[in-house]
file model-v6.txt (compact mmCIF, C-alpha atoms and all ligand atoms)
# COMPACT_ATOMS: atom_id res chain seq x y z
CA MET A 186 7.27 -5.21 60.61
CA ASN A 187 10.90 -4.15 60.71
CA ALA A 188 13.77 -6.52 61.35
CA SER A 189 17.29 -5.49 62.20
CA PRO A 190 19.69 -5.33 59.26
CA ALA A 191 22.16 -8.14 59.07
CA SER A 192 24.87 -9.26 56.73
CA ARG A 193 25.25 -12.87 55.60
CA GLN A 194 21.66 -13.93 56.09
CA ASP A 195 20.93 -17.41 54.88
CA PHE A 196 17.55 -17.91 53.25
CA ASP A 197 16.05 -20.34 50.77
CA VAL A 198 14.48 -17.46 48.90
CA ALA A 199 14.69 -13.68 48.92
CA VAL A 200 11.67 -11.76 47.66
CA ILE A 201 12.48 -8.24 46.46
CA GLY A 202 9.50 -5.98 47.14
CA GLY A 203 6.95 -6.07 49.94
CA GLY A 204 3.90 -4.85 48.01
CA LEU A 205 0.98 -7.13 47.25
CA LEU A 206 2.92 -9.34 44.86
CA GLY A 207 5.92 -9.73 47.13
CA ALA A 208 3.84 -10.26 50.27
CA THR A 209 1.53 -12.77 48.57
CA LEU A 210 4.42 -14.76 47.14
CA ALA A 211 6.33 -14.61 50.43
CA TRP A 212 3.27 -15.87 52.32
CA GLY A 213 2.85 -18.73 49.83
CA LEU A 214 6.57 -19.55 49.98
CA ALA A 215 6.55 -19.57 53.78
CA ARG A 216 3.55 -21.91 53.72
CA ALA A 217 5.61 -24.14 51.43
CA LYS A 218 8.20 -24.32 54.26
CA GLN A 219 10.74 -22.07 52.57
CA ARG A 220 12.94 -19.80 54.70
CA VAL A 221 12.00 -16.43 53.27
CA ALA A 222 13.48 -12.93 53.40
CA VAL A 223 11.50 -9.96 52.05
CA LEU A 224 13.57 -6.89 51.16
CA ASP A 225 11.53 -3.72 50.75
CA GLU A 226 12.01 0.01 50.43
CA GLY A 227 10.98 2.52 53.06
CA ASP A 228 7.86 4.67 53.14
CA VAL A 229 8.99 6.75 50.14
CA ALA A 230 8.25 3.81 47.87
CA PHE A 231 5.81 3.72 44.98
CA ARG A 232 3.21 1.21 46.06
CA ALA A 233 0.31 0.30 43.81
CA SER A 234 -0.66 -1.99 46.67
CA ARG A 235 -1.62 0.97 48.87
CA GLY A 236 -3.63 2.86 46.27
CA ASN A 237 -5.69 0.39 44.28
CA PHE A 238 -9.42 -0.13 43.74
CA SER A 239 -9.60 -3.60 45.40
CA LEU A 240 -11.61 -5.35 42.73
CA VAL A 241 -11.32 -9.09 42.24
CA TRP A 242 -12.46 -8.82 38.65
CA VAL A 243 -12.92 -11.19 35.76
CA GLN A 244 -15.21 -9.70 33.11
CA GLY A 245 -13.50 -8.18 30.10
CA LYS A 246 -9.99 -9.45 30.81
CA GLY A 247 -7.95 -11.43 28.27
CA LEU A 248 -8.74 -10.02 24.82
CA GLY A 249 -5.56 -10.84 22.88
CA MET A 250 -4.42 -13.51 25.36
CA PRO A 251 -7.17 -16.01 26.23
CA GLU A 252 -4.82 -17.75 28.68
CA TYR A 253 -4.97 -14.58 30.79
CA ALA A 254 -8.76 -14.80 30.91
CA GLY A 255 -8.44 -18.40 32.15
CA TRP A 256 -5.73 -17.42 34.65
CA THR A 257 -7.93 -14.62 35.99
CA LYS A 258 -11.00 -16.85 36.30
CA ARG A 259 -8.92 -19.46 38.09
CA SER A 260 -7.78 -16.90 40.68
CA SER A 261 -11.31 -15.57 41.14
CA ASP A 262 -12.52 -19.15 41.72
CA ALA A 263 -9.75 -19.73 44.28
CA TRP A 264 -10.20 -16.40 46.11
CA GLN A 265 -12.76 -17.54 48.69
CA GLY A 266 -10.47 -20.35 49.86
CA PHE A 267 -7.45 -18.03 49.82
CA ALA A 268 -9.27 -15.45 51.97
CA ALA A 269 -10.40 -18.19 54.35
CA ASP A 270 -6.84 -19.51 54.71
CA VAL A 271 -5.51 -16.00 55.41
CA GLU A 272 -8.21 -15.39 58.03
CA ALA A 273 -7.79 -18.80 59.65
CA GLN A 274 -4.10 -18.12 60.18
CA THR A 275 -4.08 -14.41 61.03
CA GLY A 276 -7.60 -13.70 62.30
CA ILE A 277 -7.85 -10.87 59.73
CA ASP A 278 -10.98 -10.76 57.57
CA VAL A 279 -9.95 -9.31 54.20
CA GLY A 280 -13.55 -8.48 53.30
CA PHE A 281 -13.84 -10.64 50.18
CA ALA A 282 -17.28 -10.77 48.57
CA ARG A 283 -18.18 -12.09 45.13
CA GLN A 284 -21.70 -10.77 44.65
CA GLY A 285 -21.34 -10.25 40.88
CA GLY A 286 -20.22 -6.98 39.31
CA LEU A 287 -21.28 -4.57 36.60
CA THR A 288 -19.86 -2.27 33.98
CA LEU A 289 -22.45 0.50 33.49
CA CYS A 290 -22.87 2.16 30.08
CA LEU A 291 -24.08 5.73 29.56
CA SER A 292 -25.02 5.48 25.86
CA GLU A 293 -26.23 2.93 23.33
CA ALA A 294 -22.85 3.22 21.61
CA GLU A 295 -21.02 2.34 24.85
CA LEU A 296 -23.32 -0.62 25.48
CA SER A 297 -22.95 -2.03 22.00
CA ALA A 298 -19.14 -1.59 22.10
CA ARG A 299 -19.15 -3.40 25.44
CA ALA A 300 -21.26 -6.26 24.07
CA ASP A 301 -19.02 -6.57 20.97
CA GLY A 302 -15.87 -6.59 23.08
CA LEU A 303 -17.14 -9.36 25.34
CA LYS A 304 -18.31 -11.38 22.32
CA ARG A 305 -14.87 -11.07 20.68
CA LEU A 306 -13.22 -12.05 23.96
CA HIS A 307 -15.35 -15.18 24.26
CA ASN A 308 -14.93 -16.12 20.58
CA GLN A 309 -11.16 -16.45 20.93
CA PRO A 310 -9.71 -19.93 20.41
CA ASN A 311 -8.87 -21.67 23.72
CA MET A 312 -11.02 -19.23 25.68
CA VAL A 313 -12.13 -20.49 29.09
CA ARG A 314 -15.70 -19.22 28.92
CA TYR A 315 -17.48 -17.77 31.92
CA PRO A 316 -21.00 -16.51 32.49
CA TYR A 317 -21.88 -12.92 31.67
CA GLU A 318 -24.96 -11.04 30.49
CA ILE A 319 -25.72 -7.78 28.73
CA LEU A 320 -28.53 -6.04 30.64
CA ASP A 321 -30.88 -3.24 29.58
CA HIS A 322 -31.80 -0.35 31.89
CA ALA A 323 -34.63 -2.21 33.60
CA ALA A 324 -32.59 -5.35 34.25
CA THR A 325 -29.69 -3.23 35.53
CA ALA A 326 -32.05 -1.36 37.87
CA LYS A 327 -33.11 -4.67 39.43
CA LEU A 328 -29.50 -5.13 40.61
CA VAL A 329 -28.72 -1.47 41.26
CA PRO A 330 -31.96 0.45 41.91
CA GLU A 331 -30.02 3.73 42.36
CA ILE A 332 -28.95 4.02 38.67
CA GLY A 333 -29.78 7.27 36.92
CA PRO A 334 -31.85 7.70 33.74
CA GLU A 335 -28.72 8.06 31.61
CA VAL A 336 -27.67 4.45 32.27
CA VAL A 337 -28.81 2.53 29.19
CA GLY A 338 -27.58 -0.83 30.43
CA ALA A 339 -24.63 -2.83 31.70
CA SER A 340 -22.58 -5.94 31.36
CA TYR A 341 -22.80 -8.24 34.38
CA SER A 342 -20.80 -11.24 35.50
CA PRO A 343 -21.54 -13.23 38.66
CA LEU A 344 -17.80 -13.94 39.01
CA ASP A 345 -16.82 -10.37 39.85
CA GLY A 346 -16.23 -9.18 43.39
CA HIS A 347 -14.00 -7.12 45.62
CA CYS A 348 -12.15 -7.11 48.93
CA ASN A 349 -10.37 -4.78 51.35
CA SER A 350 -6.91 -4.81 49.79
CA LEU A 351 -5.22 -2.74 52.51
CA ARG A 352 -6.34 -5.29 55.06
CA LEU A 353 -5.15 -8.01 52.68
CA LEU A 354 -1.68 -6.45 52.56
CA ARG A 355 -1.57 -6.26 56.35
CA ALA A 356 -2.80 -9.83 56.71
CA LEU A 357 -0.18 -11.17 54.32
CA HIS A 358 2.62 -9.33 56.12
CA THR A 359 1.33 -10.62 59.44
CA GLY A 360 0.88 -14.13 58.09
CA MET A 361 4.24 -14.46 56.41
CA GLN A 362 6.06 -13.30 59.55
CA GLN A 363 4.04 -15.69 61.72
CA LEU A 364 5.33 -18.43 59.42
CA GLY A 365 8.93 -17.34 59.95
CA ALA A 366 9.56 -15.01 57.01
CA ARG A 367 11.85 -12.05 57.83
CA TYR A 368 10.80 -8.59 56.61
CA PHE A 369 13.59 -6.07 55.99
CA ALA A 370 12.27 -2.53 55.54
CA ASN A 371 14.62 0.19 54.26
CA HIS A 372 16.48 -2.45 52.23
CA MET A 373 16.21 -0.97 48.76
CA VAL A 374 18.15 -3.40 46.60
CA ASP A 375 20.95 -1.89 44.53
CA THR A 376 22.67 -4.95 43.10
CA ILE A 377 22.01 -8.66 42.77
CA ALA A 378 24.99 -10.89 42.07
CA PRO A 379 24.75 -14.62 41.32
CA SER A 380 27.18 -16.32 43.69
CA GLY A 381 27.95 -19.95 44.55
CA GLY A 382 24.68 -21.36 43.21
CA GLY A 383 22.66 -18.64 44.94
CA PHE A 384 22.49 -14.87 45.08
CA ARG A 385 24.15 -12.03 46.99
CA ILE A 386 21.74 -9.16 47.35
CA LEU A 387 23.27 -5.80 48.15
CA SER A 388 20.87 -3.28 49.59
CA ALA A 389 20.83 0.03 51.40
CA GLY A 390 20.43 -1.89 54.66
CA GLY A 391 23.09 -4.55 54.18
CA GLU A 392 23.78 -7.79 52.35
CA VAL A 393 21.47 -10.79 52.23
CA ARG A 394 22.24 -14.17 50.68
CA ALA A 395 19.64 -16.57 49.37
CA GLY A 396 19.44 -19.68 47.22
CA LYS A 397 16.64 -18.29 45.06
CA ILE A 398 15.43 -14.81 44.31
CA VAL A 399 12.00 -13.49 43.30
CA LEU A 400 11.75 -10.03 41.77
CA ALA A 401 8.42 -8.55 42.93
CA ALA A 402 9.47 -4.91 43.00
CA GLY A 403 6.66 -3.43 40.91
CA VAL A 404 7.98 -0.74 38.58
CA GLY A 405 11.42 -1.39 40.15
CA ASN A 406 11.56 -4.78 38.40
CA ALA A 407 12.57 -3.13 35.11
CA ARG A 408 15.95 -2.12 36.59
CA LEU A 409 16.58 -5.29 38.61
CA ALA A 410 15.63 -7.99 36.08
CA PRO A 411 18.68 -7.66 33.75
CA MET A 412 20.98 -8.27 36.76
CA VAL A 413 19.83 -11.91 36.76
CA GLY A 414 19.34 -12.51 33.03
CA LEU A 415 15.66 -11.56 33.02
CA SER A 416 13.67 -8.79 31.46
CA ALA A 417 10.67 -6.95 32.90
CA PRO A 418 9.62 -4.16 30.54
CA VAL A 419 7.10 -2.41 32.81
CA ARG A 420 6.11 1.22 33.08
CA PRO A 421 4.12 3.19 35.64
CA GLN A 422 0.54 4.14 34.74
CA ARG A 423 -1.20 6.54 37.08
CA GLY A 424 -4.69 5.94 38.43
CA GLN A 425 -6.65 8.47 40.51
CA ILE A 426 -9.40 7.57 42.98
CA VAL A 427 -12.05 9.66 44.75
CA VAL A 428 -13.33 8.61 48.20
CA THR A 429 -16.52 9.76 49.95
CA GLU A 430 -17.56 9.83 53.56
CA ARG A 431 -18.87 6.58 55.02
CA VAL A 432 -22.56 5.83 54.56
CA ALA A 433 -24.87 2.95 55.40
CA PRO A 434 -24.48 -0.02 53.05
CA PHE A 435 -26.57 0.34 49.88
CA LEU A 436 -24.44 -0.71 46.92
CA ARG A 437 -24.48 -4.48 46.96
CA HIS A 438 -22.82 -5.06 43.58
CA PRO A 439 -19.45 -3.49 42.76
CA ILE A 440 -19.38 -1.47 39.54
CA VAL A 441 -16.04 -1.43 37.76
CA THR A 442 -15.62 2.28 38.55
CA ILE A 443 -17.77 2.63 41.72
CA ARG A 444 -17.85 0.42 44.78
CA GLN A 445 -18.79 0.63 48.43
CA THR A 446 -16.10 -0.60 50.80
CA ASP A 447 -16.86 -2.89 53.71
CA GLU A 448 -16.31 0.17 55.91
CA GLY A 449 -18.96 2.23 54.09
CA SER A 450 -16.98 4.66 51.88
CA ILE A 451 -17.81 4.95 48.20
CA LEU A 452 -14.75 4.67 45.99
CA MET A 453 -14.93 6.19 42.51
CA GLY A 454 -12.19 5.44 40.04
CA ASP A 455 -9.96 5.14 38.37
CA SER A 456 -8.13 6.92 35.60
CA SER A 457 -5.43 5.47 33.32
CA GLU A 458 -2.77 8.12 32.70
CA GLU A 459 0.72 8.07 31.25
CA ALA A 460 2.39 10.44 33.72
CA GLY A 461 5.71 8.76 34.46
CA LEU A 462 6.47 8.62 38.19
CA ASP A 463 4.24 11.62 39.00
CA THR A 464 1.72 10.62 41.69
CA GLY A 465 0.02 14.01 41.76
CA VAL A 466 -3.76 14.32 41.90
CA GLY A 467 -5.35 16.64 39.31
CA LEU A 468 -8.66 18.42 39.72
CA GLY A 469 -9.58 17.87 36.04
CA VAL A 470 -9.33 14.10 36.23
CA VAL A 471 -10.96 13.92 39.68
CA SER A 472 -13.95 15.98 38.56
CA THR A 473 -14.37 13.86 35.41
CA ILE A 474 -14.36 10.69 37.55
CA ALA A 475 -16.89 12.19 39.99
CA SER A 476 -19.24 13.60 37.37
CA ARG A 477 -19.41 10.32 35.43
CA ALA A 478 -20.07 8.48 38.71
CA VAL A 479 -22.90 10.90 39.58
CA ARG A 480 -24.49 10.37 36.13
CA MET A 481 -24.43 6.64 36.90
CA LEU A 482 -25.66 6.93 40.50
CA PRO A 483 -27.22 10.37 41.12
CA VAL A 484 -27.41 9.62 44.87
CA LEU A 485 -23.63 10.13 45.02
CA ALA A 486 -24.10 13.89 44.43
CA GLY A 487 -25.21 14.25 48.06
CA LEU A 488 -22.06 12.68 49.56
CA ASN A 489 -19.00 14.55 50.79
CA VAL A 490 -15.69 13.71 49.18
CA VAL A 491 -13.16 13.18 51.96
CA ARG A 492 -10.09 12.04 50.07
CA THR A 493 -8.47 11.63 46.67
CA TRP A 494 -5.29 9.81 45.82
CA ALA A 495 -3.19 8.67 42.89
CA ALA A 496 -1.09 5.52 42.62
CA LEU A 497 1.01 3.92 39.91
CA ARG A 498 -0.07 0.72 38.17
CA VAL A 499 2.68 -1.61 37.01
CA MET A 500 1.98 -2.03 33.28
CA THR A 501 3.46 -4.10 30.48
CA ALA A 502 3.08 -3.07 26.83
CA ASP A 503 0.24 -5.57 26.27
CA GLY A 504 -1.25 -5.25 29.76
CA PHE A 505 -0.69 -8.92 30.61
CA PRO A 506 1.44 -10.28 33.49
CA ILE A 507 5.04 -11.42 33.36
CA TYR A 508 6.03 -14.62 35.17
CA ASP A 509 9.48 -15.78 34.21
CA GLN A 510 12.50 -17.72 35.34
CA SER A 511 16.07 -17.03 34.32
CA ALA A 512 17.88 -19.41 31.96
CA SER A 513 21.30 -17.92 32.71
CA CYS A 514 20.83 -17.59 36.51
CA PRO A 515 18.79 -20.61 37.64
CA GLY A 516 16.79 -19.84 40.75
CA ALA A 517 15.93 -16.28 39.70
CA PHE A 518 12.26 -15.49 39.05
CA VAL A 519 10.24 -12.39 38.23
CA ALA A 520 6.53 -11.70 38.79
CA THR A 521 4.67 -8.57 37.83
CA CYS A 522 1.11 -7.68 36.85
CA HIS A 523 -1.46 -4.87 37.00
CA SER A 524 -4.12 -6.92 38.81
CA GLY A 525 -2.28 -8.06 41.89
CA VAL A 526 -5.44 -8.11 44.00
CA THR A 527 -7.40 -10.28 41.57
CA LEU A 528 -4.48 -12.62 40.96
CA ALA A 529 -3.43 -12.95 44.61
CA ALA A 530 -5.01 -16.38 45.02
CA ASN A 531 -2.96 -17.70 42.07
CA HIS A 532 0.22 -16.06 43.30
CA ALA A 533 -0.09 -17.64 46.73
CA GLY A 534 -1.51 -21.00 45.67
CA THR A 535 0.12 -21.69 42.30
CA ILE A 536 3.17 -19.52 41.59
CA ALA A 537 4.69 -19.68 45.10
CA PRO A 538 4.68 -23.51 45.28
CA MET A 539 6.30 -23.66 41.83
CA ILE A 540 9.06 -21.28 42.93
CA ALA A 541 9.50 -23.31 46.11
CA ALA A 542 9.95 -26.40 43.93
CA GLY A 543 12.47 -24.52 41.75
CA ALA A 544 10.71 -24.08 38.38
CA LEU A 545 7.63 -22.56 36.78
CA ASP A 546 5.37 -25.02 34.97
CA PRO A 547 5.71 -24.98 31.17
CA ASP A 548 2.09 -23.88 30.75
CA LEU A 549 3.07 -20.50 32.21
CA ALA A 550 5.50 -19.91 29.31
CA VAL A 551 2.82 -17.80 27.63
CA PHE A 552 3.45 -15.18 30.35
CA SER A 553 7.22 -15.03 29.74
CA ALA A 554 8.66 -11.63 28.82
CA ARG A 555 10.17 -13.39 25.80
CA ARG A 556 6.85 -12.58 24.06
CA PHE A 557 8.08 -8.97 23.75
CA ASP A 558 11.16 -10.12 21.78
CA VAL A 559 9.03 -11.51 18.94
CA PRO A 560 8.10 -8.96 16.29
CA GLN A 561 4.32 -8.75 16.00
CA ALA A 562 2.97 -10.13 12.72
CA GLY A 563 1.28 -7.72 10.33
C1 LIG A 601 -5.36 3.16 40.84
C2 LIG A 601 -5.14 1.67 40.85
C3 LIG A 601 -6.23 0.82 40.87
C4 LIG A 601 -6.04 -0.56 40.88
N1 LIG A 601 -7.11 -1.37 40.99
C5 LIG A 601 -6.95 -2.71 41.06
C6 LIG A 601 -8.05 -3.55 41.24
O1 LIG A 601 -9.19 -3.10 41.39
N2 LIG A 601 -7.85 -4.89 41.25
C7 LIG A 601 -6.59 -5.43 41.09
O2 LIG A 601 -6.48 -6.65 41.06
N3 LIG A 601 -5.52 -4.65 40.98
C8 LIG A 601 -5.67 -3.29 40.95
N4 LIG A 601 -4.58 -2.49 40.85
C9 LIG A 601 -3.26 -3.09 40.70
C10 LIG A 601 -2.65 -3.61 41.98
O3 LIG A 601 -2.68 -2.63 42.98
C11 LIG A 601 -1.23 -4.02 41.64
O4 LIG A 601 -1.25 -5.09 40.71
C12 LIG A 601 -0.45 -4.48 42.79
O5 LIG A 601 -0.55 -3.62 43.88
C13 LIG A 601 1.00 -4.56 42.37
O6 LIG A 601 1.73 -4.94 43.47
P1 LIG A 601 3.29 -5.00 43.39
O7 LIG A 601 3.70 -5.62 44.65
O8 LIG A 601 3.72 -5.62 42.10
O9 LIG A 601 3.75 -3.49 43.26
P2 LIG A 601 3.83 -2.32 44.37
O10 LIG A 601 2.65 -2.27 45.22
O11 LIG A 601 4.20 -1.08 43.61
O12 LIG A 601 5.01 -2.76 45.30
C14 LIG A 601 6.33 -2.82 44.85
C15 LIG A 601 7.21 -2.87 46.08
O13 LIG A 601 8.54 -3.11 45.66
C16 LIG A 601 9.38 -2.28 46.42
N5 LIG A 601 10.62 -2.04 45.65
C17 LIG A 601 10.77 -1.42 44.46
N6 LIG A 601 12.06 -1.40 44.10
C18 LIG A 601 12.73 -2.04 45.09
C19 LIG A 601 14.10 -2.35 45.29
N7 LIG A 601 15.05 -2.02 44.40
N8 LIG A 601 14.46 -3.00 46.43
C20 LIG A 601 13.53 -3.36 47.35
N9 LIG A 601 12.20 -3.10 47.19
C21 LIG A 601 11.83 -2.45 46.08
C22 LIG A 601 8.59 -1.02 46.67
O14 LIG A 601 9.09 -0.39 47.82
C23 LIG A 601 7.20 -1.58 46.88
O15 LIG A 601 6.95 -1.87 48.24
C24 LIG A 601 -4.73 -1.09 40.83
C25 LIG A 601 -3.63 -0.24 40.82
C26 LIG A 601 -3.83 1.13 40.84
C27 LIG A 601 -2.62 2.02 40.86
call {"tool": "encode", "arguments": {"input": "model-v6.txt", "output": "structure tokens", "more": "lines below"}}
Ligand SMILES: Cc1cc2nc3c(=O)[nH]c(=O)nc-3n(C[C@H](O)[C@H](O)[C@H](O)COP(=O)(O)OP(=O)(O)OC[C@H]3O[C@@H](n4cnc5c(N)ncnc54)[C@H](O)[C@@H]3O)c2cc1C
result
Amino acid sequence: MNASPASRQDFDVAVIGGGLLGATLAWGLARAKQRVAVLDEGDVAFRASRGNFSLVWVQGKGLGMPEYAGWTKRSSDAWQGFAADVEAQTGIDVGFARQGGLTLCLSEAELSARADGLKRLHNQPNMVRYPYEILDHAATAKLVPEIGPEVVGASYSPLDGHCNSLRLLRALHTGMQQLGARYFANHMVDTIAPSGGGFRILSAGGEVRAGKIVLAAGVGNARLAPMVGLSAPVRPQRGQIVVTERVAPFLRHPIVTIRQTDEGSILMGDSSEEAGLDTGVGLGVVSTIASRAVRMLPVLAGLNVVRTWAALRVMTADGFPIYDQSASCPGAFVATCHSGVTLAANHAGTIAPMIAAGALDPDLAVFSARRFDVPQAG
């Protein structure tokens, strides 16, 4: 994946960051016939893209911003075609399946809070509604026979699914390079300078010049955005995940905190912790994750845990994405979100063509970081 450093490269667009957002956008830009450079850090990098839970998830998203619910549903609807396009080009199956997913509840209070939350979400003005159901224990057991007696019920949506996001990352890197994109590892960007209608990008590995620039550097966007008249107020939020040995397939429907990968492992997740840039794994959190999972599916108690990890989500204050273009430096864009797997189909199929054409559509203005400049009413 490495290319030799060079000064004075000439590209239509430089994407800063080679995680899921950067790779997805670069793949979409290369498909739109742009000459693309991707500048990425080395292996020391923080990469949410290597430590996530791989859900392509719709239910529950968008309370407080109904446009985000619609945006998420749109990506979920486009995912099958996106996965097919990636596989047709690269031969890599990214393991997408949309069998419907569940959020299990371990008390009546949890179930009624879940039902209220989904009702409030769907009662918002301009909400793009989607199918979901609240299930009791018996109805939940029809979908997941392994549930324990403590599970009182669940919310279910047929739109939810999952994939193999590590394979997705590999496929996108393979695909973008097959389409001519150049990947520059060990090119941590220090400075971006608007220059002659384009941008000079100064990195640890040398200088690159491009007509447009896309900031897709995860938590690194916060530092880079002001260099091109943008703002990306994001912070890291740690999530820990517990992984078991591989077992024969039994869990057909992903649960928001438990899923079986296409390779057989059970993943249990995932915490939400404010821990700065600390990617340490803590026994307390891991055992809480595992014990709640075992209460949901007692069969998990018999499996060996083989791995745990922590990774950093890229979070905004309201939890919604930022897609923006610079007014003072035309041609500079920023993209960041905490659901880069779910939204990958939109990033490749909608955002990348807009950037290739030079401007984001006005209906994406709701996702501008300018929303953080407005004092909240009341
Ligand atoms: C525990 C956990 C569970 C998750 N579960 C899900 C899920 O189930 N479904 C879902 O949709 N999403 C999930 N996510 C979120 C998803 O993983 C992220 O949205 C996505 O990976 C973000 O990708 P990114 O490219 O923005 O950031 P990252 O993966 O962090 O990549 C950023 C890249 O930018 C590079 N970079 C940073 N600074 C610079 C610089 N100055 N110069 C050059 N390169 C730079 C870094 O090296 C890195 O490669 C989860 C995340 C976590 C942590």
call {"tool": "atom_distance", "arguments": {"input": "model-v6.txt", "atom1": "CA of Gly381 in chain A", "atom2": "CA of Val198 in chain A"}}
result
14.4 Å
call {"tool": "residues_near_ligand", "arguments": {"input": "model-v6.txt", "ligand": "ligand LIG 601 (chain A)", "cutoff": "6 Å", "atoms": "only C-alpha atoms and all ligand atoms", "output": "tab-separated table (two decimals) with C-alpha atoms, in the frame of the given file"}}
result
chain	number	residue	atom	x	y	z
A	201	ILE	CA	12.48	-8.24	46.46
A	202	GLY	CA	9.50	-5.98	47.14
A	203	GLY	CA	6.95	-6.07	49.94
A	204	GLY	CA	3.90	-4.85	48.01
A	205	LEU	CA	0.98	-7.13	47.25
A	206	LEU	CA	2.92	-9.34	44.86
A	207	GLY	CA	5.92	-9.73	47.13
A	224	LEU	CA	13.57	-6.89	51.16
A	225	ASP	CA	11.53	-3.72	50.75
A	226	GLU	CA	12.01	0.01	50.43
A	230	ALA	CA	8.25	3.81	47.87
A	231	PHE	CA	5.81	3.72	44.98
A	232	ARG	CA	3.21	1.21	46.06
A	233	ALA	CA	0.31	0.30	43.81
A	234	SER	CA	-0.66	-1.99	46.67
A	236	GLY	CA	-3.63	2.86	46.27
A	237	ASN	CA	-5.69	0.39	44.28
A	238	PHE	CA	-9.42	-0.13	43.74
A	239	SER	CA	-9.60	-3.60	45.40
A	240	LEU	CA	-11.61	-5.35	42.73
A	241	VAL	CA	-11.32	-9.09	42.24
A	372	HIS	CA	16.48	-2.45	52.23
A	373	MET	CA	16.21	-0.97	48.76
A	374	VAL	CA	18.15	-3.40	46.60
A	375	ASP	CA	20.95	-1.89	44.53
A	401	ALA	CA	8.42	-8.55	42.93
A	402	ALA	CA	9.47	-4.91	43.00
A	403	GLY	CA	6.66	-3.43	40.91
A	405	GLY	CA	11.42	-1.39	40.15
A	424	GLY	CA	-4.69	5.94	38.43
A	425	GLN	CA	-6.65	8.47	40.51
A	455	ASP	CA	-9.96	5.14	38.37
A	496	ALA	CA	-1.09	5.52	42.62
A	497	LEU	CA	1.01	3.92	39.91
A	498	ARG	CA	-0.07	0.72	38.17
A	521	THR	CA	4.67	-8.57	37.83
A	522	CYS	CA	1.11	-7.68	36.85
A	523	HIS	CA	-1.46	-4.87	37.00
A	524	SER	CA	-4.12	-6.92	38.81
A	525	GLY	CA	-2.28	-8.06	41.89
A	526	VAL	CA	-5.44	-8.11	44.00
A	527	THR	CA	-7.40	-10.28	41.57
call {"tool": "closest_residue", "arguments": {"input": "model-v6.txt", "among": "A:Ser260, A:Ala356, A:Glu459, A:Gln265", "to": "Ile536 in chain A", "atoms": "only C-alpha atoms"}}
result
A:Ser260
call {"tool": "residues_around", "arguments": {"input": "model-v6.txt", "residues": "Gly383 in chain A", "least_positions_apart": "5", "cutoff": "12 Å", "atoms": "all atoms listed in the file", "output": "list in words"}}
result
Asp195, Phe196, Asp197, Val198, Ala199, Ile377, Ala378, Val393, Arg394, Ala395, Gly396, Lys397, Ile398, Val399, Val413, Cys514, Pro515, Gly516 and Ala517 of chain A
call {"tool": "atom_distance", "arguments": {"input": "model-v6.txt", "atom1": "CA of Gly276 in chain A", "atom2": "CA of Leu357 in chain A"}}
result
11.2 Å
call {"tool": "closest_residue", "arguments": {"input": "model-v6.txt", "among": "A:Lys304, A:Arg444, A:Arg216, A:Arg367", "to": "Cys348 in chain A", "atoms": "all atoms listed in the file"}}
result
A:Arg444
call {"tool": "closest_residue", "arguments": {"input": "model-v6.txt", "among": "A:Leu210, A:Ile426, A:Leu387, A:Ile277", "to": "Ala529 in chain A", "atoms": "only C-alpha atoms"}}
result
A:Leu210
call {"tool": "closest_residue", "arguments": {"input": "model-v6.txt", "among": "A:Gly504, A:Gly245, A:Gly487, A:Gly285", "to": "Arg299 in chain A", "atoms": "all atoms listed in the file"}}
result
A:Gly245
call {"tool": "closest_atom_pairs", "arguments": {"input": "model-v6.txt", "of": "range 418-526 of chain A", "to": "range 327-334 of chain A", "cutoff": "7 Å", "atoms": "all atoms listed in the file", "output": "Markdown table"}}
result
| residue | atom | partner | partner_atom | distance |
| --- | --- | --- | --- | --- |
| A:Arg480 | CA | A:Gly333 | CA | 6.2 |
| A:Met481 | CA | A:Gly333 | CA | 5.4 |
| A:Leu482 | CA | A:Ile332 | CA | 4.8 |
| A:Pro483 | CA | A:Gly333 | CA | 5.8 |
| A:Val484 | CA | A:Glu331 | CA | 6.9 |
call {"tool": "residues_around", "arguments": {"input": "model-v6.txt", "residues": "Gln274 in chain A", "least_positions_apart": "5", "cutoff": "10 Å", "atoms": "only C-alpha atoms", "output": "list in words"}}
result
Ala269, Ala356, Leu357, Thr359, Gly360, Met361, Gln363 and Leu364 of chain A
call {"tool": "write_last_selection", "arguments": {"input": "model-v6.txt", "atoms": "C-alpha atoms", "output": "mmCIF file, in the coordinates of the input"}}
result
data_model
loop_
_atom_site.group_PDB
_atom_site.id
_atom_site.type_symbol
_atom_site.label_atom_id
_atom_site.label_comp_id
_atom_site.auth_asym_id
_atom_site.auth_seq_id
_atom_site.Cartn_x
_atom_site.Cartn_y
_atom_site.Cartn_z
ATOM 1 C CA ALA A 269 -10.400 -18.190 54.350
ATOM 2 C CA ALA A 356 -2.800 -9.830 56.710
ATOM 3 C CA LEU A 357 -0.180 -11.170 54.320
ATOM 4 C CA THR A 359 1.330 -10.620 59.440
ATOM 5 C CA GLY A 360 0.880 -14.130 58.090
ATOM 6 C CA MET A 361 4.240 -14.460 56.410
ATOM 7 C CA GLN A 363 4.040 -15.690 61.720
ATOM 8 C CA LEU A 364 5.330 -18.430 59.420
#
